[in-house]
Amino acid sequence: MTKVVPPVEKNEYYDAVFEDLTHDGAGVAKIEGFPVFVPNALPGESGKIKIVKVKKGYGYGRLIELYEQSPERRAAPCPVYKQCGGCQLQHLSYKGQLDHKQKHVKEVLARIGKVNLDKVIVHPTIGMKNPWNYRNKAQVPVGEREGGLIAGFYQKRTHDIIDMERCLIQQSENDEVVQAVKNICSRIGIQAYDELTHQGWLRHIMVRYGYQTKEMMLVFITRTKDFPNKKSMIAEITAKFPNIKSIVQNINPKRTNVILGDETRILWGSEYIYDYIGNIKFAISAKSFYQVNPEQTKVLYEKALEYANLSGNETVIDAYCGIGTISLFLAQKAKKVYGVEIVPEAIEDAKRNARLNNIENVEFAVGEAESIIPKWYEQGIRADVIVVDPPRKGCDESLLQTILDMKPKKVVYVSCNPATLARDIAILEQGGYEMKEVQPVDMFPHTMHVECVSQIVLRKN
Ligand code: SAH
């Protein structure tokens with residue numbers, strides 16, 4: 001076999017035209033067809049690059065000089081944008097971000113899913129009016145510097161903690177609580193956890209915020225069970241932040257990157273805070289999964305409900321149901337909803353949330369969607385609509401097969417990864433379904449993530 005020689009060489013300079021963005025927001029240029037990834041370059045721009053690394057099928061470059069600048073280029077408002085890595089698109093206008101996400105979804109559906117874009121409508125991405133301060137959960141690592149504690153984020157590709165006072169995509173109340181806790185802990189001489197020596201006490205500070213209720217929860221994640229100066233800490237925090245309804249300690253004694261440990265105890269107030277999505281109330285505990293952008297979650301679920309187009313007589317299955325958010329949303333308009341989810345604690349939350357809202361036409365099961373739904377099918381359960389909201393890896397093939405056997409009139413596919421949506425849609429299309437429309441929703445402004453809801457219907461033969 002002849003060895004393909006890459007047309008670029010390390011440390012050499014090239015002129016490049018940028019056409020696309022990678023999954024981590026770098027610009028993509030093709031040099032004699034060879035893809036080169038260049039941070040901080042935008043589609044529509046051109047410039048001089050220096051090659052820094054060459055791999056078999058692609059290379060990495062550094063932007064040396066911009067020849068042509070995109071009209072959508074902006075100065076990133078966050079002072080730590082480059083160090084942090086949490087956001088990838090602050091240097092692109094918000095409109096540019098929304099347009100890119102729509103274009104990306106179209107491109108992936110056509111390339112991987114062989115979707116005919118003349119027939120399937122991919123709508124413009126629904127963005128936020130104010131795409132800042134949207135995160136309802138802060139989870140910050142704590143470290144030490146002479147003179148006290150620091151709390152912020154791990155510098156890109158390292159485990160060095162950088163101190164940060166304000167994260168622009170975070171609810172500002174969450175940042176204020178983190179700052180206050182950091183200052184109080186510094187003053188009373190609390191030690192931060194040290195990953196290298198596995199010593200010290202405070203590992204992370206987590207704050208959760210109820211978007212509708214304004215209720216807040218503060219979680220101390222510590223290495224050991226003890227809690228120095230607990231009483232005065234609680235008194236000071238609760239006096240300063242009357243919206244805090246719950247303070248808990250989570251103990252994580254392990255050497256691990258996983259943030260939360262197994263044991264949680266309530267230090268003050270309630271075990272839960274509450275929030276609403278639409279008119280459904282949710283109880284959120286320290287360990288509950290809950291969507292981090294509640295405003296856009298409502299937009300996403302309303303779209304899912306619209307695509308399900310329920311009249312009140314339908315049986316619906318919600319696969320990958322988490323804490324039952326979509327199930328409860330749909331139950332208001334359906335005869336019966338079955339939810340399935342693999343994490344037992346999430347199903348406990350889902351059942352609690354159903355009781356909290358007096359919703360009785362839902363049933364939840366713990367297990368793999370691909371094992372539980374076939375069992376339901378054997379028991380004679382037939383869904384008119386199946387909603388799937390899988391993790392990034394998409395649906396298990398056997399689940400798709402069960403859908404093809406069960407033949408619901410509609411499938412509503414909620415996806416956080418267009419590539420696996422495209423792969424799965426190809427299987428459903430082959431089995432007699434037709435993708436009608438896709439609505440990208442921007443759940444994570446300034447990042448590369450894009451969420452889609454799509455309506456897929458059984459073809460009439
Ligand atoms: N629909 C929910 C959660 C979606 S996230 C919401 O909108 O909030 C995807 C969920 O799928 C996670 O809760 C994850 O635990 C669950 N999951 C992952 N693999 C699964 C499987 N094989 N079967 C069922 N659930 C699974």
# chains A, B, ... in the order shown; residues from 1 in each chain; ligands from 1

call {"tool": "closest_atom_pairs", "arguments": {"of": "chain A", "to": "ligand 1", "cutoff": "10 Å", "atoms": "only C-alpha atoms and all ligand atoms", "output": "Markdown table"}}
result
| residue | atom | partner | partner_atom_place_in_ligand_line | distance |
| --- | --- | --- | --- | --- |
| A:Ser288 | CA | ligand 1 | 13 (O) | 9.8 |
| A:Phe289 | CA | ligand 1 | 13 (O) | 7.1 |
| A:Tyr290 | CA | ligand 1 | 8 (O) | 6.0 |
| A:Gln291 | CA | ligand 1 | 8 (O) | 5.7 |
| A:Val292 | CA | ligand 1 | 8 (O) | 9.5 |
| A:Thr297 | CA | ligand 1 | 7 (O) | 7.7 |
| A:Lys298 | CA | ligand 1 | 7 (O) | 9.9 |
| A:Leu300 | CA | ligand 1 | 7 (O) | 8.9 |
| A:Tyr301 | CA | ligand 1 | 7 (O) | 7.9 |
| A:Asp318 | CA | ligand 1 | 1 (N) | 7.6 |
| A:Ala319 | CA | ligand 1 | 24 (C) | 6.3 |
| A:Tyr320 | CA | ligand 1 | 25 (N) | 3.9 |
| A:Cys321 | CA | ligand 1 | 1 (N) | 4.0 |
| A:Gly322 | CA | ligand 1 | 13 (O) | 3.7 |
| A:Ile323 | CA | ligand 1 | 8 (O) | 6.1 |
| A:Gly324 | CA | ligand 1 | 2 (C) | 6.5 |
| A:Thr325 | CA | ligand 1 | 8 (O) | 5.4 |
| A:Ile326 | CA | ligand 1 | 1 (N) | 5.8 |
| A:Ser327 | CA | ligand 1 | 1 (N) | 8.0 |
| A:Gly339 | CA | ligand 1 | 1 (N) | 9.2 |
| A:Val340 | CA | ligand 1 | 24 (C) | 5.9 |
| A:Glu341 | CA | ligand 1 | 25 (N) | 3.7 |
| A:Ile342 | CA | ligand 1 | 25 (N) | 4.1 |
| A:Val343 | CA | ligand 1 | 15 (O) | 5.2 |
| A:Pro344 | CA | ligand 1 | 15 (O) | 8.9 |
| A:Glu345 | CA | ligand 1 | 15 (O) | 9.6 |
| A:Ala346 | CA | ligand 1 | 13 (O) | 7.0 |
| A:Ile347 | CA | ligand 1 | 13 (O) | 9.1 |
| A:Ala365 | CA | ligand 1 | 24 (C) | 9.4 |
| A:Val366 | CA | ligand 1 | 24 (C) | 7.7 |
| A:Gly367 | CA | ligand 1 | 24 (C) | 5.9 |
| A:Glu368 | CA | ligand 1 | 23 (N) | 3.4 |
| A:Ala369 | CA | ligand 1 | 23 (N) | 3.9 |
| A:Glu370 | CA | ligand 1 | 22 (N) | 6.2 |
| A:Ser371 | CA | ligand 1 | 23 (N) | 8.0 |
| A:Ile372 | CA | ligand 1 | 23 (N) | 8.4 |
| A:Ile373 | CA | ligand 1 | 23 (N) | 9.6 |
| A:Val387 | CA | ligand 1 | 1 (N) | 8.8 |
| A:Val388 | CA | ligand 1 | 1 (N) | 7.6 |
| A:Asp389 | CA | ligand 1 | 1 (N) | 5.1 |
| A:Pro390 | CA | ligand 1 | 9 (C) | 4.6 |
| A:Pro391 | CA | ligand 1 | 9 (C) | 4.5 |
| A:Arg392 | CA | ligand 1 | 9 (C) | 8.1 |
| A:Lys393 | CA | ligand 1 | 19 (N) | 8.7 |
| A:Gly394 | CA | ligand 1 | 19 (N) | 8.7 |
| A:Cys395 | CA | ligand 1 | 22 (N) | 7.7 |
| A:Asp396 | CA | ligand 1 | 22 (N) | 7.0 |
| A:Leu399 | CA | ligand 1 | 22 (N) | 9.0 |
| A:Val414 | CA | ligand 1 | 1 (N) | 8.1 |
| A:Ser415 | CA | ligand 1 | 4 (C) | 8.8 |
| A:Cys416 | CA | ligand 1 | 5 (S) | 8.6 |

call {"tool": "write_last_selection", "arguments": {"atoms": "C-alpha atoms", "output": "short mmCIF file (atom, residue, chain, number, x, y, z; two decimals), in the first residue's frame"}}
result
data_model
loop_
_atom_site.label_atom_id
_atom_site.label_comp_id
_atom_site.auth_asym_id
_atom_site.auth_seq_id
_atom_site.Cartn_x
_atom_site.Cartn_y
_atom_site.Cartn_z
CA SER A 288 -30.99 14.73 41.11
CA PHE A 289 -30.43 15.11 37.41
CA TYR A 290 -32.22 18.27 36.28
CA GLN A 291 -31.83 20.16 33.02
CA VAL A 292 -29.42 23.08 33.51
CA THR A 297 -36.05 23.16 28.55
CA LYS A 298 -39.60 24.47 28.50
CA LEU A 300 -37.83 21.99 24.06
CA TYR A 301 -40.60 20.12 25.86
CA ASP A 318 -41.12 8.09 27.20
CA ALA A 319 -37.84 6.22 26.78
CA TYR A 320 -34.79 7.57 28.65
CA CYS A 321 -37.15 9.53 30.88
CA GLY A 322 -34.71 10.76 33.58
CA ILE A 323 -36.72 12.24 36.46
CA GLY A 324 -39.88 12.03 34.37
CA THR A 325 -39.83 15.58 33.08
CA ILE A 326 -41.10 14.84 29.57
CA SER A 327 -43.42 12.06 30.82
CA GLY A 339 -41.54 6.14 31.36
CA VAL A 340 -38.36 4.07 31.46
CA GLU A 341 -34.93 5.06 32.73
CA ILE A 342 -31.80 3.20 33.77
CA VAL A 343 -30.89 5.16 36.94
CA PRO A 344 -32.98 3.96 39.93
CA GLU A 345 -32.71 7.27 41.85
CA ALA A 346 -34.03 9.16 38.82
CA ILE A 347 -37.08 6.88 38.73
CA ALA A 365 -39.93 1.47 35.31
CA VAL A 366 -36.23 1.13 36.06
CA GLY A 367 -34.10 -0.58 33.45
CA GLU A 368 -32.66 -0.32 29.98
CA ALA A 369 -35.13 1.08 27.49
CA GLU A 370 -34.02 -1.66 25.09
CA SER A 371 -35.01 -4.41 27.57
CA ILE A 372 -38.09 -2.91 29.22
CA ILE A 373 -39.92 -1.74 26.10
CA VAL A 387 -40.65 9.76 22.74
CA VAL A 388 -36.95 9.01 22.96
CA ASP A 389 -34.38 11.27 24.61
CA PRO A 390 -31.22 9.17 24.67
CA PRO A 391 -27.72 10.14 25.86
CA ARG A 392 -25.10 11.17 23.28
CA LYS A 393 -24.58 7.65 22.00
CA GLY A 394 -28.15 7.53 20.70
CA CYS A 395 -30.68 4.69 20.81
CA ASP A 396 -29.74 1.07 21.12
CA LEU A 399 -34.83 -0.41 20.83
CA VAL A 414 -35.15 14.48 21.34
CA SER A 415 -31.43 14.40 20.67
CA CYS A 416 -28.33 16.01 22.14
#

call {"tool": "closest_residue", "arguments": {"among": "A:Ser232, A:Asn293, A:Thr222, A:Gln88", "to": "Glu263 in chain A", "atoms": "only C-alpha atoms"}}
result
A:Thr222

call {"tool": "closest_residue", "arguments": {"among": "A:Asp349, A:Glu437, A:Glu236, A:Glu295", "to": "Arg135 in chain A", "atoms": "only C-alpha atoms"}}
result
A:Glu295

call {"tool": "closest_residue", "arguments": {"among": "A:Asp160, A:Asp118, A:Glu165, A:Glu302", "to": "Val441 in chain A", "atoms": "only C-alpha atoms"}}
result
A:Glu302

call {"tool": "select_by_dssp", "arguments": {"residues": "range 296-360 of chain A", "states": "helix (DSSP H, G or I)", "output": "JSON, numbers by chain"}}
result
{"A": [296, 297, 298, 299, 300, 301, 302, 303, 304, 305, 306, 307, 308, 325, 326, 327, 328, 329, 330, 331, 344, 345, 346, 347, 348, 349, 350, 351, 352, 353, 354, 355, 356]}

call {"tool": "closest_residue", "arguments": {"among": "A:Asn257, A:Asn357, A:Asn250, A:Asn313", "to": "Val337 in chain A", "atoms": "only C-alpha atoms"}}
result
A:Asn313

call {"tool": "closest_residue", "arguments": {"among": "A:Val8, A:Ala426, A:Ala419, A:Ile277", "to": "His23 in chain A", "atoms": "only C-alpha atoms"}}
result
A:Ala419

call {"tool": "atom_distance", "arguments": {"atom1": "CA of Tyr58 in chain A", "atom2": "CA of Lys106 in chain A"}}
result
23.4 Å

call {"tool": "residues_around", "arguments": {"residues": "range 61-76 of chain A", "least_positions_apart": "5", "cutoff": "6 Å", "atoms": "only C-alpha atoms", "output": "PyMOL selection string"}}
result
chain A and resi 37-38+44-52+90-93+96

call {"tool": "residues_around", "arguments": {"residues": "range 178-180 of chain A", "least_positions_apart": "2", "cutoff": "8 Å", "atoms": "only C-alpha atoms", "output": "list in words"}}
result
Ala151, Glu165, Asn174, Asp175, Glu176, Lys182, Asn183, Ile184, Ile205, Met206, Val207 and Ile237 of chain A

call {"tool": "write_last_selection", "arguments": {"atoms": "N, CA and C atoms", "output": "PDB file, in the first residue's frame"}}
result
ATOM      1  N   ALA A 151     -11.777  29.316  44.078  1.00  0.00           N
ATOM      2  CA  ALA A 151     -12.813  28.430  43.542  1.00  0.00           C
ATOM      3  C   ALA A 151     -13.139  28.909  42.149  1.00  0.00           C
ATOM      4  N   GLU A 165     -14.609  34.821  39.756  1.00  0.00           N
ATOM      5  CA  GLU A 165     -15.673  35.431  40.550  1.00  0.00           C
ATOM      6  C   GLU A 165     -17.007  35.357  39.839  1.00  0.00           C
ATOM      7  N   ASN A 174     -25.950  32.239  41.900  1.00  0.00           N
ATOM      8  CA  ASN A 174     -25.096  31.080  42.205  1.00  0.00           C
ATOM      9  C   ASN A 174     -23.658  31.521  42.447  1.00  0.00           C
ATOM     10  N   ASP A 175     -23.182  32.425  41.586  1.00  0.00           N
ATOM     11  CA  ASP A 175     -21.811  32.928  41.756  1.00  0.00           C
ATOM     12  C   ASP A 175     -21.652  33.661  43.084  1.00  0.00           C
ATOM     13  N   GLU A 176     -22.688  34.424  43.455  1.00  0.00           N
ATOM     14  CA  GLU A 176     -22.599  35.177  44.717  1.00  0.00           C
ATOM     15  C   GLU A 176     -22.484  34.239  45.907  1.00  0.00           C
ATOM     16  N   LYS A 182     -16.688  30.829  49.746  1.00  0.00           N
ATOM     17  CA  LYS A 182     -15.222  30.848  49.616  1.00  0.00           C
ATOM     18  C   LYS A 182     -14.616  31.807  50.652  1.00  0.00           C
ATOM     19  N   ASN A 183     -15.216  32.994  50.780  1.00  0.00           N
ATOM     20  CA  ASN A 183     -14.670  33.982  51.713  1.00  0.00           C
ATOM     21  C   ASN A 183     -14.817  33.539  53.162  1.00  0.00           C
ATOM     22  N   ILE A 184     -15.983  32.989  53.488  1.00  0.00           N
ATOM     23  CA  ILE A 184     -16.185  32.550  54.878  1.00  0.00           C
ATOM     24  C   ILE A 184     -15.206  31.413  55.198  1.00  0.00           C
ATOM     25  N   ILE A 205     -17.830  23.210  45.717  1.00  0.00           N
ATOM     26  CA  ILE A 205     -19.037  23.890  46.194  1.00  0.00           C
ATOM     27  C   ILE A 205     -20.049  23.767  45.057  1.00  0.00           C
ATOM     28  N   MET A 206     -21.254  23.351  45.406  1.00  0.00           N
ATOM     29  CA  MET A 206     -22.290  23.253  44.373  1.00  0.00           C
ATOM     30  C   MET A 206     -23.479  24.103  44.803  1.00  0.00           C
ATOM     31  N   VAL A 207     -24.037  24.823  43.861  1.00  0.00           N
ATOM     32  CA  VAL A 207     -25.227  25.618  44.159  1.00  0.00           C
ATOM     33  C   VAL A 207     -26.270  25.347  43.086  1.00  0.00           C
ATOM     34  N   ILE A 237     -24.370  32.176  56.328  1.00  0.00           N
ATOM     35  CA  ILE A 237     -24.870  31.976  54.954  1.00  0.00           C
ATOM     36  C   ILE A 237     -26.380  32.235  54.870  1.00  0.00           C
TER      37      ILE A 237
END

call {"tool": "atom_distance", "arguments": {"atom1": "CA of Gly33 in chain A", "atom2": "CA of Met448 in chain A"}}
result
24.1 Å

call {"tool": "select_by_dssp", "arguments": {"residues": "range 74-209 of chain A", "states": "strand (DSSP E)", "output": "list in words"}}
result
Ile121, Val122, Lys137, Ala138, Gln139, Val140, Pro141, Val142, Gly143, Glu144, Arg145, Gly148, Leu149, Ile150, Ala151, Gly152, Phe153, Tyr154, Ile161, Ile162, Asp163, Leu202, Arg203, His204, Ile205, Met206, Val207, Arg208 and Tyr209 of chain A

call {"tool": "residues_around", "arguments": {"residues": "range 241-248 of chain A", "least_positions_apart": "5", "cutoff": "6 Å", "atoms": "only C-alpha atoms", "output": "VMD selection string"}}
result
chain A and resid 215 to 219 265 to 270

call {"tool": "closest_residue", "arguments": {"among": "A:Val142, A:Leu98, A:Leu21, A:Val5", "to": "Pro39 in chain A", "atoms": "only C-alpha atoms"}}
result
A:Leu21

call {"tool": "residues_around", "arguments": {"residues": "Thr402 in chain A", "least_positions_apart": "3", "cutoff": "9 Å", "atoms": "only C-alpha atoms", "output": "PyMOL selection string"}}
result
chain A and resi 370+373-374+377+397-399+405-407

call {"tool": "residues_around", "arguments": {"residues": "Pro6 in chain A", "least_positions_apart": "4", "cutoff": "12 Å", "atoms": "only C-alpha atoms", "output": "PyMOL selection string"}}
result
chain A and resi 10+30-36+51+53-59

call {"tool": "write_last_selection", "arguments": {"atoms": "all heavy atoms", "output": "compact mmCIF listing (two decimals), in the first residue's frame"}}
result
# COMPACT_ATOMS: atom_id res chain seq x y z
N LYS A 10 4.90 20.11 9.67
CA LYS A 10 4.98 20.80 10.95
C LYS A 10 5.90 22.02 10.85
O LYS A 10 6.93 21.97 10.16
CB LYS A 10 5.51 19.83 12.01
CG LYS A 10 5.38 20.38 13.40
CD LYS A 10 5.73 19.37 14.46
CE LYS A 10 5.91 20.12 15.76
NZ LYS A 10 6.26 19.31 16.88
N LYS A 30 -9.31 23.25 4.79
CA LYS A 30 -8.80 22.10 4.03
C LYS A 30 -7.63 22.59 3.19
O LYS A 30 -7.75 23.52 2.40
CB LYS A 30 -9.89 21.55 3.09
CG LYS A 30 -11.10 21.00 3.83
CD LYS A 30 -11.18 19.49 3.70
CE LYS A 30 -12.27 18.88 4.55
NZ LYS A 30 -13.60 19.02 3.95
N ILE A 31 -6.47 21.95 3.41
CA ILE A 31 -5.31 22.31 2.59
C ILE A 31 -5.04 21.14 1.66
O ILE A 31 -4.73 20.05 2.13
CB ILE A 31 -4.12 22.66 3.49
CG1 ILE A 31 -4.53 23.91 4.27
CG2 ILE A 31 -2.84 22.88 2.67
CD1 ILE A 31 -3.52 24.54 5.13
N GLU A 32 -5.27 21.39 0.40
CA GLU A 32 -5.26 20.31 -0.61
C GLU A 32 -6.11 19.13 -0.13
O GLU A 32 -5.70 17.98 -0.19
CB GLU A 32 -3.83 19.85 -0.90
CG GLU A 32 -3.00 20.94 -1.59
CD GLU A 32 -1.55 20.51 -1.76
OE1 GLU A 32 -1.32 19.32 -2.05
OE2 GLU A 32 -0.67 21.37 -1.61
N GLY A 33 -7.27 19.46 0.41
CA GLY A 33 -8.20 18.42 0.85
C GLY A 33 -7.91 17.86 2.24
O GLY A 33 -8.68 17.08 2.78
N PHE A 34 -6.78 18.26 2.83
CA PHE A 34 -6.36 17.72 4.13
C PHE A 34 -6.88 18.63 5.25
O PHE A 34 -6.54 19.82 5.29
CB PHE A 34 -4.82 17.66 4.14
CG PHE A 34 -4.22 16.98 5.33
CD1 PHE A 34 -4.18 15.60 5.41
CD2 PHE A 34 -3.66 17.74 6.36
CE1 PHE A 34 -3.59 14.98 6.51
CE2 PHE A 34 -3.07 17.12 7.45
CZ PHE A 34 -3.04 15.74 7.52
N PRO A 35 -7.74 18.09 6.16
CA PRO A 35 -8.32 18.97 7.17
C PRO A 35 -7.33 19.41 8.25
O PRO A 35 -6.59 18.60 8.79
CB PRO A 35 -9.43 18.12 7.81
CG PRO A 35 -9.29 16.76 7.27
CD PRO A 35 -8.21 16.71 6.26
N VAL A 36 -7.34 20.70 8.51
CA VAL A 36 -6.48 21.25 9.57
C VAL A 36 -7.38 22.04 10.53
O VAL A 36 -8.21 22.83 10.10
CB VAL A 36 -5.39 22.18 8.98
CG1 VAL A 36 -4.52 22.74 10.10
CG2 VAL A 36 -4.54 21.44 7.97
N ILE A 51 1.46 25.22 11.05
CA ILE A 51 1.09 23.85 11.43
C ILE A 51 1.85 23.48 12.72
O ILE A 51 3.07 23.62 12.79
CB ILE A 51 1.44 22.86 10.30
CG1 ILE A 51 0.66 23.20 9.02
CG2 ILE A 51 1.18 21.42 10.73
CD1 ILE A 51 -0.83 22.99 9.09
N LYS A 53 0.94 20.40 14.52
CA LYS A 53 0.94 18.96 14.69
C LYS A 53 0.34 18.31 13.45
O LYS A 53 -0.64 18.82 12.90
CB LYS A 53 0.08 18.60 15.90
CG LYS A 53 0.34 17.21 16.45
CD LYS A 53 -0.70 16.83 17.47
CE LYS A 53 -0.17 16.79 18.89
NZ LYS A 53 -1.19 16.46 19.87
N VAL A 54 0.93 17.21 13.01
CA VAL A 54 0.38 16.50 11.85
C VAL A 54 0.08 15.07 12.24
O VAL A 54 0.95 14.35 12.74
CB VAL A 54 1.36 16.52 10.65
CG1 VAL A 54 0.72 15.86 9.43
CG2 VAL A 54 1.77 17.94 10.31
N LYS A 55 -1.15 14.64 12.07
CA LYS A 55 -1.56 13.26 12.31
C LYS A 55 -1.82 12.61 10.96
O LYS A 55 -1.69 13.24 9.91
CB LYS A 55 -2.83 13.23 13.16
CG LYS A 55 -2.66 13.85 14.52
CD LYS A 55 -2.08 12.85 15.46
CE LYS A 55 -2.62 13.03 16.86
NZ LYS A 55 -2.05 12.04 17.76
N LYS A 56 -2.24 11.34 11.00
CA LYS A 56 -2.46 10.61 9.75
C LYS A 56 -3.47 11.30 8.81
O LYS A 56 -3.16 11.58 7.66
CB LYS A 56 -2.98 9.23 10.09
CG LYS A 56 -2.24 8.12 9.38
CD LYS A 56 -2.86 6.84 9.82
CE LYS A 56 -2.25 5.63 9.22
NZ LYS A 56 -2.87 4.44 9.80
N GLY A 57 -4.65 11.58 9.34
CA GLY A 57 -5.68 12.10 8.45
C GLY A 57 -6.02 13.56 8.64
O GLY A 57 -6.92 14.09 8.01
N TYR A 58 -5.33 14.24 9.57
CA TYR A 58 -5.65 15.64 9.86
C TYR A 58 -4.49 16.29 10.60
O TYR A 58 -3.57 15.60 11.06
CB TYR A 58 -6.92 15.75 10.70
CG TYR A 58 -6.86 14.93 11.98
CD1 TYR A 58 -6.38 15.49 13.15
CD2 TYR A 58 -7.25 13.60 11.98
CE1 TYR A 58 -6.29 14.72 14.31
CE2 TYR A 58 -7.17 12.83 13.14
CZ TYR A 58 -6.69 13.40 14.30
OH TYR A 58 -6.58 12.65 15.44
N GLY A 59 -4.56 17.61 10.70
CA GLY A 59 -3.50 18.32 11.41
C GLY A 59 -4.06 19.44 12.28
O GLY A 59 -5.26 19.73 12.22
